[in-house]
$ cat my_file38.txt   # compact mmCIF, C-alpha atoms
# COMPACT_ATOMS: atom_id res chain seq x y z
CA MET A 94 42.02 103.43 43.14
CA THR A 95 45.39 104.40 44.52
CA MET A 96 45.69 107.11 47.14
CA HIS A 97 47.41 109.58 44.85
CA GLU A 98 45.73 109.38 41.48
CA GLU A 99 46.17 112.36 39.25
CA GLY A 100 43.80 115.17 40.10
CA GLN A 101 43.29 114.15 43.68
CA LEU A 102 44.25 116.45 46.53
CA SER A 103 47.51 114.89 47.65
CA PRO A 104 49.09 115.64 51.02
CA GLU A 105 52.27 116.65 49.20
CA LEU A 106 50.41 119.39 47.37
CA VAL A 107 48.87 120.74 50.56
CA MET A 108 52.24 120.63 52.29
CA ALA A 109 53.85 122.45 49.38
CA GLU A 110 51.29 125.23 49.73
CA MET A 111 52.00 125.50 53.44
CA LYS A 112 55.74 125.69 52.82
CA LYS A 113 55.34 128.23 50.07
CA ASN A 114 53.47 130.45 52.51
CA GLY A 115 55.96 130.16 55.34
CA VAL A 116 53.86 128.16 57.80
CA THR A 117 55.79 127.60 61.03
CA HIS A 118 53.19 125.94 63.28
CA VAL A 119 50.17 123.70 62.70
CA VAL A 120 47.57 124.05 65.42
CA TRP A 121 45.27 121.14 64.99
CA LEU A 122 42.77 118.62 66.15
CA PRO A 123 42.59 115.49 63.99
CA ASP A 124 39.69 115.05 61.61
CA SER A 125 38.95 112.58 58.88
CA GLU A 126 39.16 115.10 56.04
CA THR A 127 42.72 116.20 56.76
CA ASN A 128 44.18 113.13 58.49
CA PHE A 129 46.14 112.30 55.35
CA LEU A 130 48.46 115.19 56.21
CA TYR A 131 49.48 113.92 59.61
CA LEU A 132 52.43 111.69 58.77
CA LEU A 133 53.93 114.26 56.42
CA MET A 134 53.54 117.08 58.90
CA GLU A 135 55.01 115.04 61.70
CA ALA A 136 58.04 114.15 59.62
CA ASP A 137 58.75 117.74 58.63
CA PRO A 138 61.46 119.23 60.85
CA ASP A 139 60.41 122.76 59.94
CA LEU A 140 56.84 122.38 61.21
CA ASP A 141 55.86 122.49 64.87
CA LEU A 142 52.61 120.61 65.52
CA ILE A 143 50.48 121.86 68.40
CA PRO A 144 47.67 119.47 69.29
CA VAL A 145 44.58 120.94 70.94
CA SER A 146 41.70 119.13 72.57
CA ARG A 147 38.97 121.60 71.60
CA GLU A 148 38.98 123.68 68.47
CA GLY A 149 38.44 127.01 70.23
CA GLN A 150 41.91 126.65 71.71
CA ALA A 151 43.30 126.74 68.20
CA PHE A 152 42.29 130.35 67.65
CA SER A 153 43.80 131.68 70.88
CA THR A 154 46.96 129.62 70.32
CA ALA A 155 47.27 130.92 66.78
CA ALA A 156 46.76 134.47 68.07
CA GLY A 157 49.63 134.07 70.51
CA LEU A 158 51.91 132.63 67.86
CA THR A 159 51.09 135.45 65.49
CA VAL A 160 51.81 138.09 68.13
CA GLY A 161 55.28 136.58 68.40
CA GLY A 162 55.86 136.81 64.66
CA LYS A 163 55.17 133.21 63.66
CA ARG A 164 52.83 132.02 60.93
CA PRO A 165 50.47 129.29 62.14
CA VAL A 166 47.81 127.44 60.22
CA ILE A 167 44.76 125.98 61.95
CA LEU A 168 43.67 122.50 60.93
CA ILE A 169 40.24 121.52 62.25
CA GLN A 170 36.90 120.08 61.17
CA ASN A 171 33.75 122.09 60.43
CA THR A 172 32.05 120.64 63.52
CA GLY A 173 34.73 122.05 65.79
CA MET A 174 34.84 125.32 63.92
CA MET A 175 31.18 125.84 64.71
CA GLU A 176 31.83 125.08 68.38
CA SER A 177 34.59 127.72 68.27
CA GLY A 178 32.48 130.71 67.28
CA ASP A 179 33.36 132.90 70.26
CA SER A 180 37.07 132.14 70.01
CA LEU A 181 37.06 132.92 66.30
CA ARG A 182 35.30 136.20 67.08
CA GLY A 183 37.41 137.20 70.08
CA TRP A 184 40.87 135.83 69.40
CA GLY A 185 40.74 135.84 65.61
CA LEU A 186 38.65 138.74 64.41
CA SER A 187 38.98 141.22 67.28
CA LEU A 188 42.78 140.87 67.41
CA ASN A 189 43.10 141.11 63.61
CA ILE A 190 44.87 137.75 63.36
CA PRO A 191 45.80 136.88 59.75
CA VAL A 192 45.45 133.13 60.06
CA VAL A 193 44.33 130.50 57.56
CA MET A 194 42.12 127.76 58.92
CA MET A 195 41.95 124.60 56.87
CA VAL A 196 38.59 123.11 57.70
CA GLY A 197 37.57 119.55 56.99
CA TYR A 198 34.22 119.90 55.25
CA ARG A 199 32.43 116.95 56.85
CA GLY A 200 29.30 116.02 54.96
CA TRP A 201 30.15 118.01 51.81
CA THR A 202 28.73 116.62 48.57
CA ARG A 203 29.15 118.10 45.15
CA HIS A 204 25.58 117.32 44.18
CA GLY A 205 24.13 119.52 46.89
CA VAL A 206 22.17 116.87 48.73
CA ASN A 207 23.66 115.91 52.05
CA SER A 208 22.52 113.98 55.06
CA ASP A 209 24.90 115.65 57.51
CA THR A 210 23.92 118.95 59.13
CA ALA A 211 27.61 119.65 59.75
CA ALA A 212 27.78 120.46 56.05
CA THR A 213 24.44 122.23 56.02
CA TYR A 214 25.60 124.93 58.39
CA THR A 215 29.28 125.27 57.50
CA GLU A 216 29.08 128.01 54.90
CA ARG A 217 26.20 129.71 56.70
CA PHE A 218 28.44 129.88 59.79
CA LEU A 219 31.32 131.41 57.84
CA ASN A 220 29.01 133.90 56.18
CA ALA A 221 27.56 134.91 59.55
CA PHE A 222 31.08 135.79 60.76
CA GLY A 223 32.03 137.43 57.49
CA ILE A 224 34.85 134.95 56.91
CA GLN A 225 35.99 134.52 53.31
CA TYR A 226 36.45 130.90 52.28
CA TYR A 227 37.82 128.81 49.44
CA LEU A 228 36.79 125.25 48.58
CA VAL A 229 39.54 122.76 47.81
CA GLU A 230 38.53 119.36 46.46
CA THR A 231 41.25 118.32 44.02
CA GLY A 232 44.87 118.94 43.24
CA GLU A 233 43.85 121.56 40.72
CA ASP A 234 42.30 123.54 43.56
CA ALA A 235 45.47 123.56 45.68
CA PRO A 236 46.62 127.05 44.56
CA ARG A 237 43.53 128.43 46.29
CA ILE A 238 45.36 127.71 49.55
CA SER A 239 47.92 130.37 48.61
CA VAL A 240 45.11 132.73 47.70
CA ALA A 241 43.76 132.25 51.22
CA PHE A 242 47.15 132.97 52.81
CA GLU A 243 47.62 136.10 50.72
CA GLU A 244 44.13 137.32 51.61
CA ALA A 245 44.63 136.68 55.32
CA GLN A 246 47.85 138.69 55.34
CA ARG A 247 46.37 141.51 53.28
CA THR A 248 43.16 141.83 55.29
CA ARG A 249 44.57 140.86 58.73
CA ARG A 250 41.64 138.51 59.18
CA PRO A 251 41.11 134.76 59.44
CA VAL A 252 40.37 133.11 56.08
CA ALA A 253 39.04 129.56 55.65
CA VAL A 254 39.98 126.79 53.24
CA LEU A 255 37.27 124.15 53.13
CA VAL A 256 38.74 120.73 52.43
CA GLY A 257 36.04 118.73 50.65
CA ASP A 258 37.85 115.49 50.01
CA GLU A 259 37.61 112.96 52.77
CA TYR A 260 39.66 109.84 52.03
CA HIS A 261 39.91 110.96 48.39
CA GLY A 262 36.45 110.38 47.10
CA PHE A 263 33.54 110.44 49.53
CA ASN A 264 32.01 113.39 47.77
CA ARG A 265 32.12 112.05 44.26
CA MET B 21 43.30 134.76 100.40
CA MET B 22 45.20 137.73 98.99
CA TYR B 23 44.28 140.81 97.02
CA THR B 24 45.14 140.69 93.35
CA ALA B 25 46.78 144.12 93.42
CA ASP B 26 48.98 143.12 96.38
CA MET B 27 49.97 139.90 94.65
CA LEU B 28 50.92 141.77 91.48
CA LYS B 29 52.93 144.30 93.50
CA ALA B 30 54.81 141.42 95.10
CA PHE B 31 55.54 139.95 91.67
CA ALA B 32 56.60 143.23 90.05
CA PRO B 33 60.19 143.39 91.43
CA TYR B 34 60.89 139.95 89.93
CA ARG B 35 59.41 140.73 86.54
CA GLY B 36 62.71 141.58 84.86
CA ASN B 37 62.06 141.83 81.14
CA SER B 38 59.25 139.30 81.14
CA ILE B 39 56.39 139.66 78.72
CA VAL B 40 53.37 139.89 81.00
CA ILE B 41 49.85 138.87 79.99
CA PRO B 42 47.89 140.29 82.92
CA GLY B 43 44.57 138.65 82.06
CA ARG B 44 41.99 139.28 84.77
CA GLY B 45 44.56 141.24 86.75
CA GLY B 46 44.90 143.74 83.95
CA ARG B 47 43.14 146.63 85.67
CA HIS B 48 45.66 146.51 88.52
CA TRP B 49 48.73 145.68 86.46
CA THR B 50 48.20 148.76 84.31
CA ASN B 51 49.03 150.87 87.37
CA ILE B 52 51.97 148.72 88.48
CA THR B 53 53.90 147.87 85.33
CA ASP B 54 57.11 149.68 84.48
CA GLN B 55 57.34 148.28 80.94
CA PRO B 56 53.89 148.63 79.35
CA ASN B 57 55.24 147.93 75.89
CA ARG B 58 56.21 144.44 77.08
CA ASP B 59 52.71 143.80 78.42
CA LEU B 60 49.80 142.19 76.60
CA PRO B 61 46.69 143.50 78.38
CA VAL B 62 44.28 142.21 75.76
CA GLY B 63 41.40 142.16 78.24
CA ASP B 64 39.00 139.30 77.65
CA PRO B 65 38.76 138.63 73.91
CA ALA B 66 36.89 135.36 74.51
CA MET B 67 36.74 133.65 77.90
CA GLY B 68 38.77 130.48 78.22
CA GLY B 69 41.51 131.34 75.78
CA HIS B 70 44.23 132.99 77.85
CA ALA B 71 46.19 129.80 78.58
CA SER B 72 46.40 128.89 74.90
CA PHE B 73 47.22 132.48 73.98
CA GLY B 74 50.03 132.47 76.50
CA LEU B 75 51.29 129.18 75.12
CA GLY B 76 51.36 130.64 71.63
CA VAL B 77 53.29 133.71 72.76
CA ALA B 78 55.77 131.56 74.70
CA LEU B 79 56.39 129.18 71.79
CA SER B 80 56.84 132.02 69.35
CA LEU B 81 59.32 133.89 71.56
CA PRO B 82 61.47 131.21 73.18
CA ASP B 83 64.11 133.70 74.30
CA GLU B 84 61.61 135.77 76.28
CA ARG B 85 60.12 134.84 79.65
CA VAL B 86 56.33 134.88 79.35
CA VAL B 87 54.18 135.33 82.46
CA LEU B 88 50.42 134.82 82.33
CA PHE B 89 47.92 135.76 85.03
CA ASP B 90 45.00 133.49 84.14
CA SER B 91 41.79 132.93 86.11
CA GLU B 92 40.05 129.82 87.38
CA GLY B 93 36.94 130.58 85.33
CA ASP B 94 39.06 130.68 82.19
CA VAL B 95 40.89 127.47 83.07
CA LEU B 96 37.64 125.67 83.83
CA MET B 97 36.24 126.74 80.48
CA ASN B 98 39.14 125.25 78.53
CA MET B 99 40.85 122.81 80.84
CA GLY B 100 42.06 120.85 77.84
CA ALA B 101 44.62 123.56 77.24
CA LEU B 102 46.68 122.28 80.17
CA PRO B 103 47.80 119.00 78.55
CA THR B 104 48.73 120.87 75.39
CA ILE B 105 50.92 123.27 77.39
CA ALA B 106 52.47 120.34 79.25
CA GLU B 107 53.19 118.48 76.01
CA LYS B 108 54.80 121.46 74.31
CA ALA B 109 56.58 122.28 77.58
CA PRO B 110 57.81 125.82 76.86
CA GLU B 111 60.61 126.44 79.33
CA ASN B 112 59.90 130.18 79.23
CA PHE B 113 56.23 129.96 80.32
CA TYR B 114 54.99 130.78 83.83
CA HIS B 115 51.27 130.20 84.28
CA PHE B 116 49.80 131.96 87.32
CA MET B 117 46.08 131.45 87.94
CA LEU B 118 43.92 133.71 90.11
CA ASP B 119 41.25 131.72 91.93
CA ASN B 120 38.53 133.88 93.48
CA GLU B 121 36.06 130.97 93.49
CA CYS B 122 33.49 132.91 91.49
CA TYR B 123 32.58 134.71 88.29
CA ALA B 124 33.35 138.16 89.69
CA THR B 125 32.55 140.11 86.56
CA THR B 126 29.03 138.73 86.34
CA GLY B 127 28.05 139.41 89.93
CA GLY B 128 29.99 136.84 91.94
CA GLN B 129 28.20 133.60 91.24
CA PRO B 130 30.34 130.60 92.30
CA VAL B 131 32.22 128.57 89.70
CA PRO B 132 31.35 124.85 89.72
CA ASN B 133 32.49 123.19 92.93
CA ALA B 134 34.16 126.48 93.79
CA LYS B 135 35.75 125.65 97.13
CA ASN B 136 36.86 122.11 96.43
CA ILE B 137 39.05 122.20 93.33
CA GLU B 138 42.81 121.71 93.53
CA TYR B 139 43.96 123.40 90.35
CA ASP B 140 47.62 122.73 91.03
CA VAL B 141 46.80 119.02 91.22
CA ILE B 142 44.96 119.22 87.91
CA ALA B 143 47.93 120.98 86.33
CA LYS B 144 50.32 118.41 87.78
CA GLY B 145 48.13 115.60 86.49
CA SER B 146 48.07 117.27 83.08
CA GLY B 147 51.84 117.04 82.96
CA TYR B 148 53.20 120.37 84.22
CA PRO B 149 56.60 119.55 85.70
CA ALA B 150 56.22 122.05 88.56
CA THR B 151 53.10 123.32 90.29
CA TYR B 152 52.39 125.46 93.35
CA SER B 153 49.38 126.59 95.35
CA PHE B 154 49.23 129.61 97.68
CA ASP B 155 46.42 131.01 99.78
CA ASN B 156 48.32 133.85 101.45
CA LEU B 157 50.53 136.65 100.22
CA GLU B 158 53.46 136.02 102.55
CA ASP B 159 54.08 132.47 101.35
CA PHE B 160 53.66 133.51 97.73
CA ALA B 161 55.98 136.48 98.04
CA SER B 162 58.72 134.37 99.57
CA SER B 163 58.46 131.80 96.75
CA ILE B 164 58.41 134.02 93.66
CA GLU B 165 62.15 133.88 93.13
CA GLU B 166 62.13 130.08 93.29
CA ILE B 167 59.15 129.86 90.94
CA LEU B 168 60.75 132.07 88.30
CA GLY B 169 64.17 130.58 88.82
CA GLN B 170 63.32 127.21 87.34
CA PRO B 171 62.48 126.19 83.78
CA GLY B 172 58.81 126.28 82.79
CA PRO B 173 56.15 125.47 82.32
CA VAL B 174 55.28 126.23 85.92
CA PHE B 175 51.70 126.47 87.20
CA VAL B 176 50.85 128.57 90.25
CA ALA B 177 47.35 128.63 91.75
CA LEU B 178 46.64 131.71 93.88
CA LYS B 179 43.60 132.21 96.11
CA VAL B 180 42.51 135.83 95.69
CA GLU B 181 39.72 137.94 97.12
CA PRO B 182 36.83 138.36 94.70
CA GLU B 183 36.35 141.87 93.37
CA ILE B 184 32.76 141.60 92.32
CA GLU B 185 31.30 143.81 89.64
CA ASN B 186 27.56 144.14 89.37
CA GLU B 187 27.22 147.14 87.10
CA PRO B 188 25.93 146.64 83.57
CA ILE B 189 28.93 146.10 81.34
CA GLY B 190 28.17 149.28 79.41
CA SER B 191 28.31 151.33 82.62
CA ARG B 192 31.69 150.07 83.84
CA VAL B 193 34.77 152.24 83.75
CA ARG B 194 37.21 150.95 81.15
CA TRP B 195 40.67 150.31 82.58
CA GLN B 196 42.25 149.68 79.20
CA THR B 197 44.28 152.62 77.98
CA ARG B 198 45.13 151.07 74.59
CA SER B 199 43.13 149.04 72.05
CA ARG B 200 43.95 145.34 71.72
CA THR B 201 45.54 145.83 68.35
CA GLN B 202 47.59 148.76 69.67
CA VAL B 203 48.82 146.57 72.54
CA ILE B 204 49.99 143.94 70.06
CA ASP B 205 51.58 146.49 67.74
CA ASP B 206 53.42 148.07 70.69
CA LEU B 207 54.88 144.72 71.76
CA LYS B 208 55.93 143.93 68.21
CA GLY B 209 57.57 147.32 67.96
CA GLU B 210 59.36 146.77 71.27
CA LEU B 211 60.69 143.39 70.14
CA GLY B 212 61.35 144.37 66.52
CA ILE B 213 58.82 141.91 65.11
CA GLU B 214 57.71 142.71 61.59
CA GLY B 215 54.57 141.74 59.74
CA PRO B 216 50.83 141.86 60.43
$ encode --input "my_file38.txt" --output "structure tokens"
Amino acid sequence: MTMHEEGQLSPELVMAEMKKNGVTHVVWLPDSETNFLYLLMEADPDLDLIPVSREGQAFSTAAGLTVGGKRPVILIQNTGMMESGDSLRGWGLSLNIPVVMMVGYRGWTRHGVNSDTAATYTERFLNAFGIQYYLVETGEDAPRISVAFEEAQRTRRPVAVLVGDEYHGFNR
Amino acid sequence: MMYTADMLKAFAPYRGNSIVIPGRGGRHWTNITDQPNRDLPVGDPAMGGHASFGLGVALSLPDERVVLFDSEGDVLMNMGALPTIAEKAPENFYHFMLDNECYATTGGQPVPNAKNIEYDVIAKGSGYPATYSFDNLEDFASSIEEILGQPGPVFVALKVEPEIENEPIGSRVRWQTRSRTQVIDDLKGELGIEGP
């Protein structure tokens, strides 16, 4: 298999969705589900990458950027998102921050049986916080990223995009 | 040690048009500020996040000087924010940190290793190009102009007297005069920033 077979979620497609929605900053902590974006993001002169060392920092950073009129996206893994519950509540929800968080869905399997509790609790976590989310597995799903951006702006709330495609195929 | 209110009063004449995030000093700053619409007294949305919030504001508004009054409890909770600030190196960011050696709002219990942490050294080791530490008001007051006269990010650790609260949170008098979202909307209006 090549890295960019038809139907797969290519980094170019994800980047195109970000550009279409006016993303100015990527606040991120590397994870294996979204690492394929790194080289493209780094090479893009219009994107400012802000590395954090704990995912909770991403929500307060994104809040500050939004206050100043910028449009950040948060790029983290589900494990770190769960660690970040209080930051999501305080800096995201209580300040009405319209930010999209692209979340690497570690452990996700299409067949519903997983051996990774990171996946077990991901959607339960989002439901507990009342966060709307959209699953993106293939290139055909990429337009859902724009749906998430539009919803975040309309509702002034964080919205999640769950990226269920580690290394193009672990979940098949 | 110095009193937070006295420290903020000493800072006020040098504020200029800075955007001020008063953090834990918010209750005092509310009575001192002369430009409330350029303040971001968001209270304590989630402990540990002020440094990153300040970074975000500074990066998004590079033509504005951004001054944050953080606390040592917040910094300890998210110390990893310091290397990120140092890497992004916003020249308009001035990071003051109030160190009262305790969790004052929960009754005054000491922070870990309360009396033996050199926060300015930690900031310097994280990559801040300039750091300071003051334990008395006179030295701080005579250095404010120098601190604000150089490019950021600058980190300033300040030993302050604890103002311990032991009332149940629901019984405390609220010092905030505006909601968090109103504070943000007021700043955006002041700066002409559109959008949600």
$ residues_around --input "my_file38.txt" --residues "region 110-119 of chain B" --least-positions-apart "3" --cutoff "6 Å" --atoms "all atoms listed in the file" --output "list in words"
Ala78, Arg85, Val86, Val87, Leu88, Phe89, Asp90, Ser91, Glu92, Pro171, Gly172, Pro173, Val174, Phe175, Val176, Ala177, Leu178, Lys179 and Val180 of chain B
$ interface_residues --input "my_file38.txt" --of "chain B" --to "chain A" --cutoff "7 Å" --atoms "all atoms listed in the file" --output "list in words"
Pro65, Ala66, Gly69, Ser72, Phe73, Gly74, Leu75, Gly76, Val77, Leu79, Ser80, Leu81, Gly100, Ala101, Thr104, Arg200, Thr201, Ile204, Ile213, Glu214 and Pro216 of chain B
$ atom_distance --input "my_file38.txt" --atom1 "CA of Glu183 (chain B)" --atom2 "CA of Asp140 (chain B)"
22.3 Å
$ closest_residue --input "my_file38.txt" --among "A:Leu130, A:Met175, A:Val193, A:Glu244" --to "Arg217 (chain A)" --atoms "all atoms listed in the file"
A:Met175
$ atom_distance --input "my_file38.txt" --atom1 "CA of Met27 (chain B)" --atom2 "CA of Leu168 (chain B)"
14.8 Å
$ residues_around --input "my_file38.txt" --residues "Thr215 (chain A)" --least-positions-apart "4" --cutoff "7 Å" --atoms "all atoms listed in the file" --output "ChimeraX atom specification"
/A:171,211,219
$ atom_distance --input "my_file38.txt" --atom1 "CA of His48 (chain B)" --atom2 "CA of Arg192 (chain B)"
15.2 Å
$ residues_near_point --input "my_file38.txt" --point "(32.4, 120.7, 48.4)" --cutoff "10 Å" --atoms "only C-alpha atoms" --output "list in words"
Tyr198, Arg199, Gly200, Trp201, Thr202, Arg203, His204, Gly205, Ala212, Tyr227, Leu228, Val229, Glu230, Leu255, Val256, Gly257, Asp258, Asn264 and Arg265 of chain A
$ residues_around --input "my_file38.txt" --residues "Asn133 (chain B)" --least-positions-apart "5" --cutoff "12 Å" --atoms "all atoms listed in the file" --output "list in words"
Glu92, Gly93, Leu96, Glu121, Cys122, Glu138 and Tyr139 of chain B
$ closest_residue --input "my_file38.txt" --among "B:Gly68, B:Pro182, B:Pro132, B:Gly46" --to "Met22 (chain B)" --atoms "all atoms listed in the file"
B:Pro182
$ residues_near_point --input "my_file38.txt" --point "(48.7, 151.5, 86.1)" --cutoff "12 Å" --atoms "all atoms listed in the file" --output "count of residues only"
21
$ residues_around --input "my_file38.txt" --residues "region 100-104 of chain A" --least-positions-apart "4" --cutoff "7 Å" --atoms "only C-alpha atoms" --output "list of chain:residue names"
A:Met108, A:Phe129, A:Leu130, A:Glu230, A:Thr231, A:Gly232, A:Glu233, A:His261
$ write_last_selection --input "my_file38.txt" --atoms "C-alpha atoms" --output "mmCIF file, in the coordinates of the input"
data_model
loop_
_atom_site.group_PDB
_atom_site.id
_atom_site.type_symbol
_atom_site.label_atom_id
_atom_site.label_comp_id
_atom_site.auth_asym_id
_atom_site.auth_seq_id
_atom_site.Cartn_x
_atom_site.Cartn_y
_atom_site.Cartn_z
ATOM 1 C CA MET A 108 52.240 120.630 52.290
ATOM 2 C CA PHE A 129 46.140 112.300 55.350
ATOM 3 C CA LEU A 130 48.460 115.190 56.210
ATOM 4 C CA GLU A 230 38.530 119.360 46.460
ATOM 5 C CA THR A 231 41.250 118.320 44.020
ATOM 6 C CA GLY A 232 44.870 118.940 43.240
ATOM 7 C CA GLU A 233 43.850 121.560 40.720
ATOM 8 C CA HIS A 261 39.910 110.960 48.390
#
$ closest_residue --input "my_file38.txt" --among "A:Met174, A:Ala241, A:Met134, A:Leu140" --to "Phe218 (chain A)" --atoms "all atoms listed in the file"
A:Met174
$ axis_aligned_box --input "my_file38.txt" --around "region 174-183 of chain A" --padding-each-side "3 Å" --output "lines of an AutoDock Vina configuration file"
center_x = 34.3
center_y = 131.1
center_z = 67.1
size_x = 12.2
size_y = 18.1
size_z = 12.3
